[in-house]
Amino acid sequence: MAQNTTSPRLEQPGLHLSGLSRHFRLGRETITAISDVDLTTPRGSFTALIGPSGCGKSTILRILAGLEKPNAGTVEVHGQALRRGAGDGPRLGIAFQDAALLAWRSVFTNIRLPLEVAGLPVDPKRIGDLIRLVGLEGFESARPAQLSGGMRQRVSIARALAVEPEFLLLDEPFGALDDITRQRLNLELQRIWSARPMTTLMVTHGLQEAIVLADRVVVMSPRPGRILASIPVDLPRPRTLDLLRSPEFHALQDQLLEIMYSQSAVASGED
Amino acid sequence: MAQLDSNSRLWDWAFVIGTALFVLAGWWLVAGVVLAGTHALPTPDALIGKLIEDGAGFYARHIGVTLWSGAQGYFWGNLLALGVAAMVLLVPELEGLATQIGVVSKCLPLVAIGPIILVVAGDRAPSIFLAGLSVFFTTLIGALLGLSAAKRPALDLVAAYGGGRWMQLRKVRLYSAIPALIGALQIAVPAGFLGAIVGEYLGGVDTGVGVALAIAQSQLEVERAWAFAILTGLIALAGYGLVDQVGRRLAPWNPAYASEGAS
Ligand SMILES: Nc1ncnc2c1ncn2[C@@H]1O[C@H](COP(=O)(O)OP(=O)(O)OP(=O)(O)O)[C@@H](O)[C@H]1O
Ligand SMILES: [Mg+2]
C-alpha cells in the first residue's frame, strides 16, 4: 500500500461485510451459497474477488447491489447500511455477469439507461466518450442482437461507468474478451479508477487482471463460499503490462494459485 | 452477398408458386375426379366462372360490410383487452381474475347470447359483438403473457440503479410485453373476422358474408359459398400480414424476427 496510504480516502470505510450468509432452496435441499463472509475494504480501494465457479461470488455482488437479502450478517457501504432503491447511498455502478442489455435499446440508449433510472442529467458527449473508451464507436445505434458477446460485455462496462459511480461492482466484466482487448480495457479501467478512485469489487477468474488492477485480492473457497485469504497487492501504480514480467508479480500469482489449489484438493477429497 | 440474397429470394418465390400450383392441382383432382358429381366442391374454373358471373361488386358489397363490423369488433375487443391488462398492470393481484374473465368470455354460449344482443341493440351489433369477443380472449392472454415476459436480469438492472416497480414497468416490462402482444394481435385478425361472419348468421341484417353464405347454402350455390370462403380466407391472411408488418416497423428488435436478420 506504499502508494495508496497517502490518500485520505483510505482512512474512510469502504465495504464492510460481516458474518454474511445466504442459502437457497433448491427443491427439497438447501444450498448454502456463502457462509459467514467477512470483508472490510477502505473507501476508494479496488478489490478483486476470485474463487471457483459456484462459490457465491455473484451472490455477494447481488447482495451488495441490494438485489438480494442475506440470511444472516450485515452489509455496509461507505459506512451506510444498504437500503434497496434508496437514492441517498453512494452512487452505484454495476456490470452483471451476463451483460443484461435491453434488446429494444441501442448501444447508446442502453448506456444511458442508468442515468434515466437514477434521474441524472444526460450528457451525450460523455456517453460518446464512454462508447469510445470501450472501442464501440460506429456502433452507437446498433442493437444488442447485432453485437458479439464481447461487444455486449463492453457496452455493459460502459453502462456501469455512466453514472460516475462512487461504488463499482463488476462481475467478470472482461470474461468474454480476447487477451489483447482485455488487457487494454484493464489498463483503461485502471486509468479511470486512478483518476477518480471508486470503491470497487470486481469478480474475476483471471489472476493476472486481479493483480494488475486490485489493491487486494480476496480468494474464496468452493461452495459453501468462505473467504480463504485476503492478499494485499503492494505494487506501485500505474501498473503496466511490464509488471507481468516482474518477479513480484510471479510471486503473488504463485501465492494465490497455491491457496486456490490447496482448497480444490480438499474439496474434491484428494487430500 | 447481393447475388446470394436475390437468389434466395428467387427460391422463396419459386417455393410459393410451386406450392400454389400443387394445391391447385390437388384441388382440381379432388373436385373434378374424386368428388365429381357430388357438388361438394367446385373445380377452380367453375369457381372463377361464378366469381365473374356474380361480379366483383357483389362480393365487395358483402365482404365490405362484414369487414367493417369485424374491424369495429377488433378495435373494441382489443381496447377492452388492453384495458383489462392495464388494470392487471396496476393491480397485479387482479391477474387471476382477468384470466378467468378471458376464459369465461371464450366459453360464452354465443348462439344464446347473440339473439339477446340482436333484440337489445339490433342490426350489426351481434356481428360487432362476436368479433370483439373473439378478439378479446386472444389479446388479453397475449398481453398478460407479455407482462410476465420481462427477464429477471433486466428488472434487476433497473432495481440496482434505484428504480422501483413503476420504473421497471416503464423501462422494461412494457417493452418485454410487445412480442407476445403483437403475436396475439395477429391471431386476433382472423378470429375477429370469423366472429363477425358468425354474428351475421344470427339474422337481423340483409348484407354481409354470413348472410350471403346462408342464402348461397339454401339455394345450393356451392360455387358461391366456396368463392366467399376463399376470398375471406385471403383477406384474413392479408390482415394477419398487415399486423405483422406494423409489428416489424414498431419493434424491429423483436426476437421473433431474429432468424431473418441476415437479409
Ligand atoms: N436464485 C437462486 N436460486 C437458487 N440457487 C441459487 C440462486 N442464485 C445462486 N444460487 C446458487 O448459489 C450458488 C452460488 O451462485 P453464484 O452465482 O453466486 O456463484 P458464482 O461464484 O458467481 O459462480 P460463477 O463463477 O460460475 O459465476 C450456486 O450453487 C447457485 O446454484
Ligand atoms: Mg457468478
# chains A, B, ... in the order shown; residues from 1 in each chain; ligands from 1
$ residues_around --residues "Leu213 of chain B" --least-positions-apart "2" --cutoff "10 Å" --atoms "only C-alpha atoms" --output "list in words"
His62, Ile197, Glu200, Tyr201, Gly208, Val209, Gly210, Val211, Ile215, Ala216, Gln217, Ser218, Gln219, Glu221, Val222, Arg224, Ala225, Trp226, Ala227, Phe228 and Ala229 of chain B
$ write_last_selection --atoms "C-alpha atoms" --output "compact mmCIF listing (two decimals), in the first residue's frame"
# COMPACT_ATOMS: atom_id res chain seq x y z
CA HIS B 62 -70.98 -8.27 -48.70
CA ILE B 197 -69.32 -13.63 -40.03
CA GLU B 200 -74.34 -12.21 -39.25
CA TYR B 201 -75.75 -15.72 -39.21
CA GLY B 208 -72.67 -9.44 -45.11
CA VAL B 209 -70.67 -12.57 -45.74
CA GLY B 210 -72.67 -14.52 -43.16
CA VAL B 211 -75.97 -13.60 -44.79
CA ILE B 215 -78.52 -17.67 -48.82
CA ALA B 216 -75.99 -19.46 -51.05
CA GLN B 217 -76.41 -22.56 -48.94
CA SER B 218 -80.17 -22.51 -49.07
CA GLN B 219 -80.03 -22.06 -52.85
CA GLU B 221 -74.99 -22.27 -54.73
CA VAL B 222 -71.93 -24.28 -53.83
CA ARG B 224 -70.61 -19.02 -54.48
CA ALA B 225 -70.16 -20.38 -50.96
CA TRP B 226 -66.67 -21.51 -51.85
CA ALA B 227 -65.88 -18.24 -53.52
CA PHE B 228 -66.75 -16.44 -50.27
CA ALA B 229 -64.76 -18.92 -48.22
$ interface_residues --of "chain A" --to "chain B" --cutoff "6 Å" --atoms "only C-alpha atoms" --output "PyMOL selection string"
chain A and resi 65+85+100+104+117
$ write_last_selection --atoms "N, CA, C and O atoms" --output "JSON list (two decimals), in the first residue's frame"
[["chain", "number", "residue", "atom", "x", "y", "z"],
["A", 65, "ALA", "N", -25.53, -5.06, -4.21],
["A", 65, "ALA", "CA", -26.33, -4.20, -5.08],
["A", 65, "ALA", "C", -27.75, -4.04, -4.56],
["A", 65, "ALA", "O", -28.58, -3.36, -5.17],
["A", 85, "GLY", "N", -33.02, 0.54, -3.36],
["A", 85, "GLY", "CA", -33.70, 1.60, -4.09],
["A", 85, "GLY", "C", -33.48, 2.98, -3.52],
["A", 85, "GLY", "O", -33.98, 3.96, -4.04],
["A", 100, "ALA", "N", -26.89, -8.35, -19.70],
["A", 100, "ALA", "CA", -28.21, -7.81, -19.34],
["A", 100, "ALA", "C", -28.50, -6.50, -20.06],
["A", 100, "ALA", "O", -28.91, -5.51, -19.45],
["A", 104, "TRP", "N", -34.39, -3.83, -26.87],
["A", 104, "TRP", "CA", -35.06, -2.82, -27.69],
["A", 104, "TRP", "C", -34.30, -1.50, -27.70],
["A", 104, "TRP", "O", -34.72, -0.55, -28.32],
["A", 117, "VAL", "N", -32.83, 6.07, -15.09],
["A", 117, "VAL", "CA", -33.45, 5.46, -13.90],
["A", 117, "VAL", "C", -33.15, 6.29, -12.66],
["A", 117, "VAL", "O", -34.01, 6.53, -11.82]]
$ select_by_dssp --residues "segment 83-163 of chain B" --states "alpha helix (DSSP H)" --output "PyMOL selection string"
chain B and resi 83-90+95-107+110-120+125-147+152-160
$ residues_near_ligand --ligand "ligand 2" --cutoff "8 Å" --atoms "only C-alpha atoms and all ligand atoms" --output "VMD selection string"
chain A and resid 53 to 54 56 to 59 97 171 to 172 203
$ write_last_selection --atoms "C-alpha atoms" --output "compact mmCIF listing (two decimals), in the first residue's frame"
# COMPACT_ATOMS: atom_id res chain seq x y z
CA SER A 53 -17.40 -21.39 -10.13
CA GLY A 54 -20.49 -21.57 -7.96
CA GLY A 56 -21.10 -17.44 -4.33
CA LYS A 57 -19.21 -14.51 -5.87
CA SER A 58 -22.18 -13.26 -7.84
CA THR A 59 -24.34 -13.75 -4.78
CA GLN A 97 -22.14 -11.38 -15.31
CA ASP A 171 -18.99 -9.39 -12.24
CA GLU A 172 -16.44 -10.94 -14.60
CA VAL A 203 -15.23 -10.70 -9.61
$ closest_residue --among "A:Cys55, A:Ala214, A:Ala72, A:Leu17" --to "Pro232 of chain A" --atoms "only C-alpha atoms"
A:Ala214
$ residues_near_ligand --ligand "ligand 1" --cutoff "10 Å" --atoms "only C-alpha atoms and all ligand atoms" --output "VMD selection string"
chain A and resid 22 to 27 30 to 34 49 to 63 68 97 to 98 171 to 172 203 to 205 220 to 225
$ closest_residue --among "B:Arg61, B:Pro42, B:Ile52, B:Gly18" --to "Ala212 of chain B" --atoms "only C-alpha atoms"
B:Arg61
$ residues_around --residues "Leu115 of chain A" --least-positions-apart "6" --cutoff "9 Å" --atoms "only C-alpha atoms" --output "ChimeraX atom specification"
/A:121-122,162-163 /B:161
$ write_last_selection --atoms "all heavy atoms" --output "PDB file, in the first residue's frame"
ATOM      1  N   PRO A 121     -28.840  13.954 -15.049  1.00  0.00           N
ATOM      2  CA  PRO A 121     -28.799  14.605 -16.360  1.00  0.00           C
ATOM      3  C   PRO A 121     -27.973  13.774 -17.351  1.00  0.00           C
ATOM      4  O   PRO A 121     -26.986  13.154 -16.980  1.00  0.00           O
ATOM      5  CB  PRO A 121     -28.118  15.951 -16.079  1.00  0.00           C
ATOM      6  CG  PRO A 121     -27.374  15.754 -14.806  1.00  0.00           C
ATOM      7  CD  PRO A 121     -28.165  14.761 -14.011  1.00  0.00           C
ATOM      8  N   VAL A 122     -28.414  13.777 -18.607  1.00  0.00           N
ATOM      9  CA  VAL A 122     -27.735  13.005 -19.648  1.00  0.00           C
ATOM     10  C   VAL A 122     -26.866  13.940 -20.482  1.00  0.00           C
ATOM     11  O   VAL A 122     -27.352  14.921 -21.029  1.00  0.00           O
ATOM     12  CB  VAL A 122     -28.774  12.315 -20.566  1.00  0.00           C
ATOM     13  CG1 VAL A 122     -28.058  11.624 -21.721  1.00  0.00           C
ATOM     14  CG2 VAL A 122     -29.610  11.331 -19.772  1.00  0.00           C
ATOM     15  N   ALA A 162     -21.470   4.885 -16.499  1.00  0.00           N
ATOM     16  CA  ALA A 162     -22.230   6.049 -16.965  1.00  0.00           C
ATOM     17  C   ALA A 162     -22.615   7.007 -15.838  1.00  0.00           C
ATOM     18  O   ALA A 162     -22.662   8.216 -16.038  1.00  0.00           O
ATOM     19  CB  ALA A 162     -23.476   5.589 -17.720  1.00  0.00           C
ATOM     20  N   VAL A 163     -22.897   6.474 -14.668  1.00  0.00           N
ATOM     21  CA  VAL A 163     -23.372   7.340 -13.585  1.00  0.00           C
ATOM     22  C   VAL A 163     -22.227   7.970 -12.789  1.00  0.00           C
ATOM     23  O   VAL A 163     -22.470   8.601 -11.761  1.00  0.00           O
ATOM     24  CB  VAL A 163     -24.301   6.579 -12.600  1.00  0.00           C
ATOM     25  CG1 VAL A 163     -25.596   6.198 -13.272  1.00  0.00           C
ATOM     26  CG2 VAL A 163     -23.603   5.359 -12.035  1.00  0.00           C
TER      27      VAL A 163
ATOM     28  N   TYR B 161     -30.149   0.335  -9.953  1.00  0.00           N
ATOM     29  CA  TYR B 161     -29.943   1.785 -10.066  1.00  0.00           C
ATOM     30  C   TYR B 161     -31.028   2.569  -9.323  1.00  0.00           C
ATOM     31  O   TYR B 161     -31.225   3.756  -9.577  1.00  0.00           O
ATOM     32  CB  TYR B 161     -29.859   2.196 -11.532  1.00  0.00           C
ATOM     33  CG  TYR B 161     -28.532   1.785 -12.132  1.00  0.00           C
ATOM     34  CD1 TYR B 161     -28.439   0.709 -12.995  1.00  0.00           C
ATOM     35  CD2 TYR B 161     -27.366   2.449 -11.777  1.00  0.00           C
ATOM     36  CE1 TYR B 161     -27.220   0.302 -13.508  1.00  0.00           C
ATOM     37  CE2 TYR B 161     -26.132   2.055 -12.281  1.00  0.00           C
ATOM     38  CZ  TYR B 161     -26.068   0.988 -13.153  1.00  0.00           C
ATOM     39  OH  TYR B 161     -24.858   0.590 -13.639  1.00  0.00           O
TER      40      TYR B 161
END
